[in-house]
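Chemist: model_19.cif is reproduced below (mmCIF, C-alpha atoms).
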data_entry
loop_
_atom_site.group_PDB
_atom_site.id
_atom_site.type_symbol
_atom_site.label_atom_id
_atom_site.label_comp_id
_atom_site.auth_asym_id
_atom_site.auth_seq_id
_atom_site.Cartn_x
_atom_site.Cartn_y
_atom_site.Cartn_z
ATOM 1 C CA MET A 1 145.884 65.495 51.942
ATOM 2 C CA ALA A 2 145.622 61.768 52.562
ATOM 3 C CA LEU A 3 148.766 59.648 52.680
ATOM 4 C CA MET A 4 147.345 56.854 50.538
ATOM 5 C CA PHE A 5 144.778 56.231 47.822
ATOM 6 C CA THR A 6 141.375 56.308 49.455
ATOM 7 C CA ASP A 7 139.324 54.187 47.080
ATOM 8 C CA LEU A 8 139.400 51.712 44.207
ATOM 9 C CA PRO A 9 142.276 51.289 41.719
ATOM 10 C CA LEU A 10 142.055 53.736 38.822
ATOM 11 C CA GLU A 11 141.163 51.082 36.253
ATOM 12 C CA ASP A 12 138.230 50.022 38.449
ATOM 13 C CA LEU A 13 137.183 53.619 38.998
ATOM 14 C CA ARG A 14 136.970 54.244 35.257
ATOM 15 C CA ALA A 15 134.428 51.404 35.022
ATOM 16 C CA TYR A 16 132.567 52.141 38.280
ATOM 17 C CA SER A 17 128.857 52.621 37.619
ATOM 18 C CA PRO A 18 126.660 51.794 40.628
ATOM 19 C CA ALA A 19 123.087 50.655 40.026
ATOM 20 C CA LEU A 20 121.480 53.580 41.854
ATOM 21 C CA VAL A 21 117.689 53.465 41.852
ATOM 22 C CA GLU A 22 115.882 56.620 40.805
ATOM 23 C CA PRO A 23 112.946 57.601 42.979
ATOM 24 C CA GLU A 24 109.548 57.450 41.331
ATOM 25 C CA GLY A 25 108.481 60.830 39.969
ATOM 26 C CA LEU A 26 111.926 62.428 40.085
ATOM 27 C CA ASP A 27 111.439 64.583 36.997
ATOM 28 C CA ALA A 28 108.007 65.728 38.161
ATOM 29 C CA PHE A 29 109.453 66.561 41.588
ATOM 30 C CA TRP A 30 112.007 68.917 40.072
ATOM 31 C CA SER A 31 109.687 70.326 37.428
ATOM 32 C CA GLU A 32 107.095 71.258 40.047
ATOM 33 C CA THR A 33 109.753 72.680 42.375
ATOM 34 C CA LEU A 34 111.180 74.928 39.669
ATOM 35 C CA GLU A 35 107.767 76.044 38.437
ATOM 36 C CA GLN A 36 106.839 77.075 41.979
ATOM 37 C CA ALA A 37 110.073 79.051 42.289
ATOM 38 C CA ARG A 38 109.486 80.826 38.985
ATOM 39 C CA ALA A 39 105.927 81.696 39.986
ATOM 40 C CA ALA A 40 107.192 83.285 43.215
ATOM 41 C CA ALA A 41 110.066 85.184 41.580
ATOM 42 C CA SER A 42 110.536 88.925 41.448
ATOM 43 C CA ALA A 43 112.803 90.876 39.113
ATOM 44 C CA PRO A 44 116.533 90.666 39.862
ATOM 45 C CA ALA A 45 118.246 93.722 41.326
ATOM 46 C CA ILE A 46 121.804 94.769 40.449
ATOM 47 C CA ALA A 47 123.808 97.465 42.213
ATOM 48 C CA PRO A 48 127.460 98.553 41.938
ATOM 49 C CA ALA A 49 129.684 96.873 44.527
ATOM 50 C CA SER A 50 131.948 98.932 46.733
ATOM 51 C CA SER A 51 135.468 98.003 45.683
ATOM 52 C CA PRO A 52 138.772 99.714 44.865
ATOM 53 C CA ILE A 53 139.038 97.547 41.735
ATOM 54 C CA SER A 54 138.633 99.780 38.702
ATOM 55 C CA GLU A 55 139.470 97.698 35.617
ATOM 56 C CA ILE A 56 136.770 95.071 36.153
ATOM 57 C CA VAL A 57 133.112 95.864 36.806
ATOM 58 C CA ILE A 58 131.877 94.263 40.043
ATOM 59 C CA GLU A 59 128.173 94.237 40.843
ATOM 60 C CA ASP A 60 125.973 92.983 43.674
ATOM 61 C CA LEU A 61 123.158 90.781 42.348
ATOM 62 C CA GLU A 62 120.014 89.812 44.224
ATOM 63 C CA PHE A 63 117.801 87.261 42.470
ATOM 64 C CA SER A 64 114.876 85.020 43.396
ATOM 65 C CA GLY A 65 115.674 81.433 44.353
ATOM 66 C CA PHE A 66 113.600 78.704 45.956
ATOM 67 C CA ALA A 67 110.128 79.952 46.954
ATOM 68 C CA GLY A 68 111.123 83.410 45.744
ATOM 69 C CA ASP A 69 113.714 83.763 48.535
ATOM 70 C CA PRO A 70 116.278 86.530 47.853
ATOM 71 C CA ILE A 71 119.710 85.094 47.027
ATOM 72 C CA ARG A 72 122.890 87.116 46.624
ATOM 73 C CA ALA A 73 125.703 86.802 44.102
ATOM 74 C CA TRP A 74 128.672 88.790 42.831
ATOM 75 C CA ILE A 75 128.905 89.615 39.149
ATOM 76 C CA SER A 76 132.406 90.377 37.863
ATOM 77 C CA ARG A 77 132.718 91.336 34.203
ATOM 78 C CA PRO A 78 135.145 92.929 31.728
ATOM 79 C CA ARG A 79 134.574 96.590 30.890
ATOM 80 C CA THR A 80 132.910 96.026 27.535
ATOM 81 C CA GLY A 81 129.429 96.440 26.134
ATOM 82 C CA GLU A 82 129.739 93.362 23.981
ATOM 83 C CA PRO A 83 127.827 90.269 25.218
ATOM 84 C CA ARG A 84 130.247 87.825 26.787
ATOM 85 C CA PRO A 85 130.018 84.140 27.710
ATOM 86 C CA ALA A 86 129.239 83.541 31.382
ATOM 87 C CA VAL A 87 130.710 81.249 34.023
ATOM 88 C CA ILE A 88 128.452 80.665 37.015
ATOM 89 C CA GLU A 89 130.321 79.365 40.047
ATOM 90 C CA TYR A 90 128.910 77.623 43.123
ATOM 91 C CA VAL A 91 130.738 77.544 46.449
ATOM 92 C CA GLY A 92 132.127 74.648 48.494
ATOM 93 C CA TYR A 93 130.573 73.390 51.719
ATOM 94 C CA GLY A 94 130.442 75.951 54.504
ATOM 95 C CA GLY A 95 131.605 78.871 52.375
ATOM 96 C CA GLY A 96 129.893 81.967 51.026
ATOM 97 C CA ARG A 97 130.425 84.426 48.213
ATOM 98 C CA GLY A 98 132.943 86.392 50.309
ATOM 99 C CA LEU A 99 133.912 89.984 49.563
ATOM 100 C CA PRO A 100 133.640 91.781 46.215
ATOM 101 C CA GLY A 101 136.753 91.307 44.132
ATOM 102 C CA GLU A 102 138.032 88.105 45.753
ATOM 103 C CA HIS A 103 137.411 86.015 42.636
ATOM 104 C CA LEU A 104 138.517 87.782 39.475
ATOM 105 C CA LYS A 105 140.222 85.132 37.336
ATOM 106 C CA TRP A 106 137.269 84.383 35.079
ATOM 107 C CA ALA A 107 136.407 88.062 34.556
ATOM 108 C CA ALA A 108 140.060 88.826 33.858
ATOM 109 C CA SER A 109 139.918 86.101 31.188
ATOM 110 C CA GLY A 110 137.009 87.760 29.395
ATOM 111 C CA TYR A 111 133.986 86.042 30.945
ATOM 112 C CA VAL A 112 131.054 87.349 32.928
ATOM 113 C CA HIS A 113 131.651 85.580 36.252
ATOM 114 C CA ILE A 114 128.691 85.111 38.598
ATOM 115 C CA LEU A 115 129.493 83.715 42.054
ATOM 116 C CA MET A 116 126.415 82.512 43.936
ATOM 117 C CA ASP A 117 126.170 82.899 47.691
ATOM 118 C CA THR A 118 125.037 79.732 49.493
ATOM 119 C CA ARG A 119 121.919 80.080 51.610
ATOM 120 C CA GLY A 120 122.500 79.447 55.295
ATOM 121 C CA GLN A 121 126.240 78.837 54.905
ATOM 122 C CA GLY A 122 129.255 81.130 54.706
ATOM 123 C CA SER A 123 130.596 80.953 58.264
ATOM 124 C CA THR A 124 133.041 78.028 58.117
ATOM 125 C CA TRP A 125 135.821 79.357 55.866
ATOM 126 C CA GLY A 126 136.548 82.255 53.529
ATOM 127 C CA SER A 127 135.195 85.764 54.015
ATOM 128 C CA GLY A 128 131.571 85.010 54.811
ATOM 129 C CA GLY A 129 128.188 84.867 53.163
ATOM 130 C CA HIS A 130 125.192 87.177 53.001
ATOM 131 C CA THR A 131 122.194 84.913 52.310
ATOM 132 C CA PRO A 132 120.084 83.401 55.121
ATOM 133 C CA ASP A 133 118.033 80.235 54.782
ATOM 134 C CA PRO A 134 114.627 81.189 56.228
ATOM 135 C CA HIS A 135 113.290 77.614 56.215
ATOM 136 C CA GLY A 136 113.570 75.458 59.317
ATOM 137 C CA SER A 137 113.712 71.674 59.730
ATOM 138 C CA ASP A 138 113.330 68.916 62.262
ATOM 139 C CA GLY A 139 116.292 67.989 64.453
ATOM 140 C CA ALA A 140 119.530 67.714 62.496
ATOM 141 C CA VAL A 141 123.224 67.047 62.971
ATOM 142 C CA PRO A 142 125.250 70.317 62.907
ATOM 143 C CA GLY A 143 125.804 71.328 59.281
ATOM 144 C CA VAL A 144 123.223 71.219 56.488
ATOM 145 C CA MET A 145 123.470 67.607 55.310
ATOM 146 C CA THR A 146 120.604 66.380 57.501
ATOM 147 C CA ARG A 147 118.308 69.415 57.471
ATOM 148 C CA GLY A 148 114.890 68.111 56.452
ATOM 149 C CA ILE A 149 116.379 64.771 55.465
ATOM 150 C CA LEU A 150 113.232 62.743 56.164
ATOM 151 C CA ASP A 151 111.292 64.404 53.341
ATOM 152 C CA PRO A 152 112.560 65.371 49.853
ATOM 153 C CA ALA A 153 110.257 68.405 49.863
ATOM 154 C CA GLN A 154 111.884 69.702 53.061
ATOM 155 C CA TYR A 155 115.501 68.736 52.371
ATOM 156 C CA TYR A 156 118.069 71.545 52.360
ATOM 157 C CA TYR A 157 119.465 70.756 48.918
ATOM 158 C CA ARG A 158 116.042 71.111 47.309
ATOM 159 C CA ARG A 159 116.315 74.785 48.151
ATOM 160 C CA MET A 160 119.967 75.177 47.226
ATOM 161 C CA PHE A 161 119.745 73.325 43.897
ATOM 162 C CA THR A 162 116.690 75.400 43.021
ATOM 163 C CA ASP A 163 118.696 78.554 43.759
ATOM 164 C CA ALA A 164 121.403 77.265 41.408
ATOM 165 C CA VAL A 165 118.995 76.682 38.520
ATOM 166 C CA ARG A 166 117.232 79.985 39.075
ATOM 167 C CA LEU A 167 120.605 81.748 38.862
ATOM 168 C CA VAL A 168 121.219 80.158 35.448
ATOM 169 C CA GLU A 169 117.814 81.368 34.310
ATOM 170 C CA THR A 170 118.464 84.829 35.738
ATOM 171 C CA ALA A 171 121.904 85.040 34.117
ATOM 172 C CA ALA A 172 120.442 84.170 30.716
ATOM 173 C CA GLY A 173 118.357 87.334 30.885
ATOM 174 C CA LEU A 174 121.084 89.715 32.062
ATOM 175 C CA GLU A 175 122.356 92.428 29.768
ATOM 176 C CA GLY A 176 125.869 91.662 28.581
ATOM 177 C CA VAL A 177 125.512 87.857 28.902
ATOM 178 C CA ASP A 178 125.521 85.629 25.833
ATOM 179 C CA ARG A 179 122.736 83.224 26.805
ATOM 180 C CA GLU A 180 123.993 80.638 24.314
ATOM 181 C CA ARG A 181 127.303 80.338 26.189
ATOM 182 C CA ILE A 182 126.660 79.727 29.893
ATOM 183 C CA ALA A 183 128.936 77.382 31.849
ATOM 184 C CA VAL A 184 128.575 76.196 35.446
ATOM 185 C CA THR A 185 131.417 75.212 37.738
ATOM 186 C CA GLY A 186 132.447 74.793 41.352
ATOM 187 C CA GLY A 187 134.523 72.656 43.664
ATOM 188 C CA SER A 188 133.241 70.039 46.120
ATOM 189 C CA GLN A 189 129.698 71.105 47.086
ATOM 190 C CA GLY A 190 129.957 73.627 44.258
ATOM 191 C CA GLY A 191 130.811 70.818 41.853
ATOM 192 C CA GLY A 192 127.839 68.742 42.961
ATOM 193 C CA THR A 193 125.639 71.798 42.555
ATOM 194 C CA ALA A 194 127.017 72.390 39.057
ATOM 195 C CA ILE A 195 126.006 68.834 38.094
ATOM 196 C CA ALA A 196 122.491 69.485 39.408
ATOM 197 C CA ALA A 197 122.228 72.782 37.518
ATOM 198 C CA ALA A 198 123.360 71.152 34.278
ATOM 199 C CA ALA A 199 120.889 68.309 34.796
ATOM 200 C CA LEU A 200 117.936 70.595 35.507
ATOM 201 C CA SER A 201 118.504 73.515 33.124
ATOM 202 C CA PRO A 202 118.766 73.273 29.324
ATOM 203 C CA LEU A 203 120.381 76.727 29.377
ATOM 204 C CA VAL A 204 123.684 75.248 30.623
ATOM 205 C CA SER A 205 126.095 74.902 27.701
ATOM 206 C CA ALA A 206 129.062 73.424 29.606
ATOM 207 C CA VAL A 207 129.671 71.968 33.069
ATOM 208 C CA MET A 208 133.013 71.855 34.923
ATOM 209 C CA PRO A 209 132.734 70.186 38.352
ATOM 210 C CA ASP A 210 135.907 69.853 40.451
ATOM 211 C CA VAL A 211 136.102 66.979 42.971
ATOM 212 C CA PRO A 212 132.271 67.098 43.107
ATOM 213 C CA PHE A 213 130.527 66.301 46.372
ATOM 214 C CA LEU A 214 126.965 64.952 46.853
ATOM 215 C CA CYS A 215 127.280 61.899 44.602
ATOM 216 C CA ASP A 216 126.647 58.170 45.165
ATOM 217 C CA PHE A 217 125.135 58.714 48.615
ATOM 218 C CA PRO A 218 124.569 55.041 49.562
ATOM 219 C CA ARG A 219 128.262 54.193 49.273
ATOM 220 C CA SER A 220 129.623 57.576 50.303
ATOM 221 C CA ILE A 221 127.929 57.660 53.691
ATOM 222 C CA VAL A 222 129.428 54.301 54.692
ATOM 223 C CA LYS A 223 132.872 54.550 53.054
ATOM 224 C CA THR A 224 133.981 58.193 53.299
ATOM 225 C CA PRO A 225 136.275 58.792 56.302
ATOM 226 C CA GLY A 226 135.865 62.580 56.504
ATOM 227 C CA ALA A 227 133.015 65.038 56.962
ATOM 228 C CA PRO A 228 130.528 66.173 55.709
ATOM 229 C CA PHE A 229 129.149 62.789 54.541
ATOM 230 C CA THR A 230 129.660 61.647 58.135
ATOM 231 C CA GLU A 231 126.931 64.069 59.245
ATOM 232 C CA ILE A 232 124.453 61.647 57.689
ATOM 233 C CA THR A 233 126.171 58.660 59.280
ATOM 234 C CA ARG A 234 125.936 60.322 62.693
ATOM 235 C CA TYR A 235 122.269 61.100 62.119
ATOM 236 C CA LEU A 236 121.503 57.485 61.266
ATOM 237 C CA SER A 237 123.400 56.285 64.325
ATOM 238 C CA ILE A 238 120.694 58.054 66.372
ATOM 239 C CA HIS A 239 117.710 57.616 64.043
ATOM 240 C CA ARG A 240 118.294 53.894 63.645
ATOM 241 C CA ASP A 241 115.048 53.104 61.855
ATOM 242 C CA ALA A 242 115.216 55.950 59.328
ATOM 243 C CA SER A 243 117.772 54.637 56.840
ATOM 244 C CA ALA A 244 115.309 53.695 54.079
ATOM 245 C CA GLN A 245 113.529 57.026 54.400
ATOM 246 C CA VAL A 246 116.815 58.954 54.386
ATOM 247 C CA LEU A 247 118.174 57.134 51.345
ATOM 248 C CA ARG A 248 114.940 57.757 49.476
ATOM 249 C CA THR A 249 115.245 61.487 50.186
ATOM 250 C CA LEU A 250 118.886 61.564 49.120
ATOM 251 C CA SER A 251 118.123 59.811 45.828
ATOM 252 C CA HIS A 252 116.338 62.994 44.668
ATOM 253 C CA PHE A 253 119.616 64.944 44.992
ATOM 254 C CA ASP A 254 122.303 62.385 44.144
ATOM 255 C CA GLY A 255 124.683 63.757 41.512
ATOM 256 C CA ALA A 256 125.257 60.262 40.141
ATOM 257 C CA ILE A 257 121.518 60.021 39.382
ATOM 258 C CA LEU A 258 121.026 63.592 38.176
ATOM 259 C CA ALA A 259 124.080 63.231 35.912
ATOM 260 C CA ARG A 260 122.032 60.857 33.739
ATOM 261 C CA ARG A 261 120.197 63.975 32.557
ATOM 262 C CA VAL A 262 123.340 65.949 31.624
ATOM 263 C CA THR A 263 124.065 66.245 27.901
ATOM 264 C CA ALA A 264 126.227 69.387 27.879
ATOM 265 C CA PRO A 265 129.997 69.145 27.326
ATOM 266 C CA ALA A 266 131.637 68.234 30.636
ATOM 267 C CA LEU A 267 135.097 68.537 32.182
ATOM 268 C CA PHE A 268 135.416 66.836 35.586
ATOM 269 C CA SER A 269 138.315 66.493 37.995
ATOM 270 C CA VAL A 270 138.996 63.890 40.671
ATOM 271 C CA ALA A 271 141.712 63.385 43.309
ATOM 272 C CA LEU A 272 142.688 59.855 44.286
ATOM 273 C CA MET A 273 143.815 60.722 47.840
ATOM 274 C CA ASP A 274 140.600 62.554 48.679
ATOM 275 C CA GLU A 275 139.176 61.698 52.135
ATOM 276 C CA ILE A 276 136.186 64.060 51.813
ATOM 277 C CA VAL A 277 134.869 63.016 48.399
ATOM 278 C CA LEU A 278 135.764 59.458 47.468
ATOM 279 C CA PRO A 279 137.023 59.096 43.883
ATOM 280 C CA GLY A 280 134.408 56.422 43.279
ATOM 281 C CA SER A 281 131.601 58.884 43.891
ATOM 282 C CA VAL A 282 133.070 61.276 41.302
ATOM 283 C CA PHE A 283 133.382 58.518 38.723
ATOM 284 C CA ALA A 284 129.841 57.367 39.533
ATOM 285 C CA ALA A 285 128.582 60.752 38.347
ATOM 286 C CA TYR A 286 131.053 61.097 35.487
ATOM 287 C CA ASN A 287 130.266 57.656 34.077
ATOM 288 C CA ALA A 288 126.526 58.415 34.267
ATOM 289 C CA LEU A 289 126.744 61.478 31.996
ATOM 290 C CA ARG A 290 124.932 61.384 28.671
ATOM 291 C CA SER A 291 127.365 63.947 27.277
ATOM 292 C CA THR A 292 129.178 62.850 24.136
ATOM 293 C CA ASP A 293 131.882 65.449 24.822
ATOM 294 C CA LYS A 294 133.295 64.648 28.255
ATOM 295 C CA SER A 295 136.670 64.218 29.944
ATOM 296 C CA ILE A 296 138.040 63.872 33.466
ATOM 297 C CA GLU A 297 141.357 65.060 34.893
ATOM 298 C CA VAL A 298 142.836 62.672 37.457
ATOM 299 C CA TYR A 299 145.121 63.985 40.219
ATOM 300 C CA GLN A 300 146.723 60.864 41.650
ATOM 301 C CA TYR A 301 148.633 62.434 44.526
ATOM 302 C CA ASN A 302 146.183 65.083 45.706
ATOM 303 C CA GLY A 303 143.489 65.219 48.333
ATOM 304 C CA HIS A 304 140.375 67.355 48.325
ATOM 305 C CA GLU A 305 142.326 70.377 47.092
ATOM 306 C CA GLY A 306 142.322 68.594 43.740
ATOM 307 C CA GLY A 307 144.107 70.326 40.889
ATOM 308 C CA GLY A 308 143.874 73.875 42.263
ATOM 309 C CA HIS A 309 145.018 76.577 39.842
ATOM 310 C CA HIS A 310 146.446 73.880 37.584
ATOM 311 C CA GLN A 311 142.898 72.607 36.990
ATOM 312 C CA TRP A 312 141.612 76.131 36.425
ATOM 313 C CA LEU A 313 144.135 76.536 33.585
ATOM 314 C CA ARG A 314 142.769 73.313 32.099
ATOM 315 C CA GLN A 315 139.250 74.695 32.389
ATOM 316 C CA VAL A 316 140.112 77.962 30.658
ATOM 317 C CA ALA A 317 141.684 76.149 27.713
ATOM 318 C CA TRP A 318 138.860 73.588 27.503
ATOM 319 C CA LEU A 319 136.060 76.173 27.722
ATOM 320 C CA GLY A 320 137.784 78.449 25.218
ATOM 321 C CA GLU A 321 137.728 75.617 22.681
ATOM 322 C CA ARG A 322 133.976 75.168 23.117
ATOM 323 C CA PHE A 323 132.878 78.778 23.538
ATOM 324 C CA GLY A 324 135.440 80.409 21.284
ATOM 325 C CA ALA A 325 138.052 82.883 22.545
ATOM 326 C CA ALA A 326 136.613 84.765 25.512
#
Could you render the structure from this file as structure tokens?
Modeler:
Amino acid sequence: MALMFTDLPLEDLRAYSPALVEPEGLDAFWSETLEQARAAASAPAIAPASSPISEIVIEDLEFSGFAGDPIRAWISRPRTGEPRPAVIEYVGYGGGRGLPGEHLKWAASGYVHILMDTRGQGSTWGSGGHTPDPHGSDGAVPGVMTRGILDPAQYYYRRMFTDAVRLVETAAGLEGVDRERIAVTGGSQGGGTAIAAAALSPLVSAVMPDVPFLCDFPRSIVKTPGAPFTEITRYLSIHRDASAQVLRTLSHFDGAILARRVTAPALFSVALMDEIVLPGSVFAAYNALRSTDKSIEVYQYNGHEGGGHHQWLRQVAWLGERFGAA
């Protein structure tokens, strides 16, 4: 946790709306990407997970993501045959889906919880991941922030965001899921991914990003003191003539640009002492939403841990009001 506020005063943050320029053909870029992924998809596979947990059903899901690549996820659900609302969760930077049964709060609250593994990550914290990223890139700074960064078609987050949308589409067809009540959530990288999923899929009925990463790239890469935004800064310190090309690539994935396409009800959170995700970048995305039903929880004295379980309790109450009692 930082020892001081890391960004603008709160009253300025509430009005912060940077004039980020959308790249030409952004909608066509994503439409073509998703159509290619759907054309390469195979049927999802679900198998029982090995776990001593008996009162909640836990299943191992494999579905088709970007380019038809197999992506893993855990499904945790109440023991009921009645269709339930779903909460799809995306993982923070460097983490993976972990072990079966690690994340049971949503299922214990009556939701079908689907936790997506993150391709090529899962070895920095937590209990690991199980999904490789079979696509290479040119030279990059350690981490994934600069993989393929000179070309939007090759950039890492094109693959990961496609995985996220394909999981929403897969979940909508699963037995036991109420396709009219699908929410997406996640913290940090997971929050940025939730924004992208809500922007790119009309099947998302609610979005709940916590301290979302991957927003307002032009300012974040020069103002944020902590990694992972600094991976891009380090890259540009070596590739001195590539800044325009890099920023053009990043504009295809910027949560503060994609948020302009979000109309679903939204509950955000932000922490004012965050050294990893500047509060301004969160407000840049929040203020760009087209949602008429939106709110943001502000944690003045927290760092990137944000609201923790306190925020989850807010989410449960908020989502229950919009989806009905789970």
Chemist: Within 12 Å of stretch 127-139 of chain A, which residues of stretch 222-254 of chain A show up? Give each one with its shortest atom-to-atom distance in Å (one decimal) and the two atoms involved, counting only C-alpha atoms, rows by chain then rising residue number, as JSON lines.
Modeler:
{"residue": "A:Tyr235", "atom": "CA", "partner": "A:Gly139", "partner_atom": "CA", "distance": 9.4}
{"residue": "A:Ile238", "atom": "CA", "partner": "A:Gly139", "partner_atom": "CA", "distance": 11.0}
{"residue": "A:His239", "atom": "CA", "partner": "A:Gly139", "partner_atom": "CA", "distance": 10.5}
Chemist: Near A:Thr146, counting only C-alpha atoms, which residues have an atom at most 8 Å away, once you skip same-chain residues fewer than 3 positions from it, shown as a VMD selection string?
Modeler: chain A and resid 140 to 141 143 149 155 to 156 231 to 232 235
Chemist: Quick one: everything within 10 Å of A:Gly303, counting only C-alpha atoms, minus sequence neighbours fewer than 4 positions away in the same chain. Send it as a tab-separated table (two decimals) with C-alpha atoms, in the frame of the given file.
Modeler:
chain	number	residue	atom	x	y	z
A	1	MET	CA	145.88	65.50	51.94
A	2	ALA	CA	145.62	61.77	52.56
A	3	LEU	CA	148.77	59.65	52.68
A	4	MET	CA	147.34	56.85	50.54
A	5	PHE	CA	144.78	56.23	47.82
A	6	THR	CA	141.38	56.31	49.46
A	211	VAL	CA	136.10	66.98	42.97
A	270	VAL	CA	139.00	63.89	40.67
A	271	ALA	CA	141.71	63.38	43.31
A	272	LEU	CA	142.69	59.86	44.29
A	273	MET	CA	143.82	60.72	47.84
A	274	ASP	CA	140.60	62.55	48.68
A	275	GLU	CA	139.18	61.70	52.14
A	276	ILE	CA	136.19	64.06	51.81
A	277	VAL	CA	134.87	63.02	48.40
A	278	LEU	CA	135.76	59.46	47.47
A	279	PRO	CA	137.02	59.10	43.88
A	299	TYR	CA	145.12	63.98	40.22
A	307	GLY	CA	144.11	70.33	40.89
Chemist: If you count only C-alpha atoms, which residues fall within 10 Å of A:Ala39, apart from same-chain ones fewer than 5 positions away, as a compact mmCIF listing (two decimals) with C-alpha atoms, in the frame of the given file?
Modeler:
# COMPACT_ATOMS: atom_id res chain seq x y z
CA LEU A 34 111.18 74.93 39.67
CA ALA A 67 110.13 79.95 46.95
CA GLY A 68 111.12 83.41 45.74
Chemist: Report as JSON, numbers by chain the full result of the PyMOL selection byres ((chain A and resi 71) around 9) when it is applied to this structure.
Modeler: {"A": [61, 62, 63, 64, 65, 66, 68, 69, 70, 72, 73, 116, 117, 118, 119, 130, 131, 132, 163, 167]}
Chemist: Just give me the gap between atom CA of A:Asp27 and atom CA of A:Gly191 in Å, one decimal is fine.
Modeler: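 Calculated distance between atom CA of A:Asp27 and atom CA of A:Gly191 is 20.9 Å.
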Chemist: Between A:Arg38, A:Gly308, A:Pro228, A:Pro23, which has the minimum distance to A:Gly94 (counting only C-alpha atoms)?
Modeler: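 Closest to A:Gly94, using only C-alpha atoms: A:Pro228.
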Chemist: Which residue out of A:Phe323, A:Thr33, A:Pro100, A:Pro212 has the minimum interatomic distance to A:Gln154 when all atoms listed in the file are used?
Modeler: A:Thr33
Chemist: Once the PyMOL selection byres ((chain A and resi 222) around 12) has been applied to the shown file, what residues remain in the selection, as an MDAnalysis selection string?
Modeler: chainID A and resid 216:221 223:234 236:237 243 278 281
Chemist: Could you check the closest approach to A:Pro78 for each of A:Ile53, A:Ala172, A:Val282, A:Val91 and tell me which residue wins, using all atoms listed in the file?
Modeler: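 Looking at the shortest contact to A:Pro78, the residue is A:Ile53.
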Chemist: Find the spatial neighbours of A:Ala264, counting only C-alpha atoms, within a cut-off of 6 Å - ignore same-chain residues fewer than 5 positions away - and output them as a list in words.
Modeler: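 In the requested format, the answer is Ser205, Ala206 and Ser291 of chain A.
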Chemist: May I have the residues from that selection written out with C-alpha atoms, as a JSON list (two decimals), in the coordinates of the input?
Modeler:
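Okay, this is what ended up in selection.json:
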[["chain", "number", "residue", "atom", "x", "y", "z"],
["A", 205, "SER", "CA", 126.10, 74.90, 27.70],
["A", 206, "ALA", "CA", 129.06, 73.42, 29.61],
["A", 291, "SER", "CA", 127.36, 63.95, 27.28]]
Chemist: Hey, can you pull every residue with an atom no more than 9 Å from (124.7, 69.6, 28.2), using all atoms listed in the file, and send it as a PDB file with C-alpha atoms, in the coordinates of the input?
Modeler:
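Saved file part_15.pdb follows:
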ATOM      1  CA  ALA A 198     123.360  71.152  34.278  1.00  0.00           C
ATOM      2  CA  ALA A 199     120.889  68.309  34.796  1.00  0.00           C
ATOM      3  CA  SER A 201     118.504  73.515  33.124  1.00  0.00           C
ATOM      4  CA  PRO A 202     118.766  73.273  29.324  1.00  0.00           C
ATOM      5  CA  LEU A 203     120.381  76.727  29.377  1.00  0.00           C
ATOM      6  CA  VAL A 204     123.684  75.248  30.623  1.00  0.00           C
ATOM      7  CA  SER A 205     126.095  74.902  27.701  1.00  0.00           C
ATOM      8  CA  ALA A 206     129.062  73.424  29.606  1.00  0.00           C
ATOM      9  CA  VAL A 207     129.671  71.968  33.069  1.00  0.00           C
ATOM     10  CA  ARG A 261     120.197  63.975  32.557  1.00  0.00           C
ATOM     11  CA  VAL A 262     123.340  65.949  31.624  1.00  0.00           C
ATOM     12  CA  THR A 263     124.065  66.245  27.901  1.00  0.00           C
ATOM     13  CA  ALA A 264     126.227  69.387  27.879  1.00  0.00           C
ATOM     14  CA  PRO A 265     129.997  69.145  27.326  1.00  0.00           C
ATOM     15  CA  ALA A 266     131.637  68.234  30.636  1.00  0.00           C
ATOM     16  CA  ARG A 290     124.932  61.384  28.671  1.00  0.00           C
ATOM     17  CA  SER A 291     127.365  63.947  27.277  1.00  0.00           C
ATOM     18  CA  ASP A 293     131.882  65.449  24.822  1.00  0.00           C
TER      19      ASP A 293
END
Chemist: Expand the PyMOL selection byres ((chain A and resi 9-21) around 7) into the explicit residue set it covers here, and present it as a ChimeraX atom specification.
Modeler: /A:7-8,22-23,257,280,283-284,287
Chemist: If I take atom CA of A:Phe29 and atom CA of A:Ala256, how far is one from the other in Å, to one decimal?
Modeler: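 Taking atom CA of A:Phe29 and atom CA of A:Ala256, their separation equals 17.1 Å.
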Chemist: Measuring atom to atom with only C-alpha atoms, identify which of A:Gly192, A:Pro142, A:Pro152, A:Gly186 is nearest to A:Ile88.
Modeler: A:Gly186
Chemist: Grab the atom CA of A:Ala37 to atom CA of A:Ala197 distance for me, in Å with one decimal place.
Modeler: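 These atoms are spaced 14.5 Å apart.
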Chemist: With distances taken over only C-alpha atoms, which of A:Gly120, A:Gly176, A:Gly190, A:Gly101 is nearest to A:Pro85?
Modeler: A:Gly176
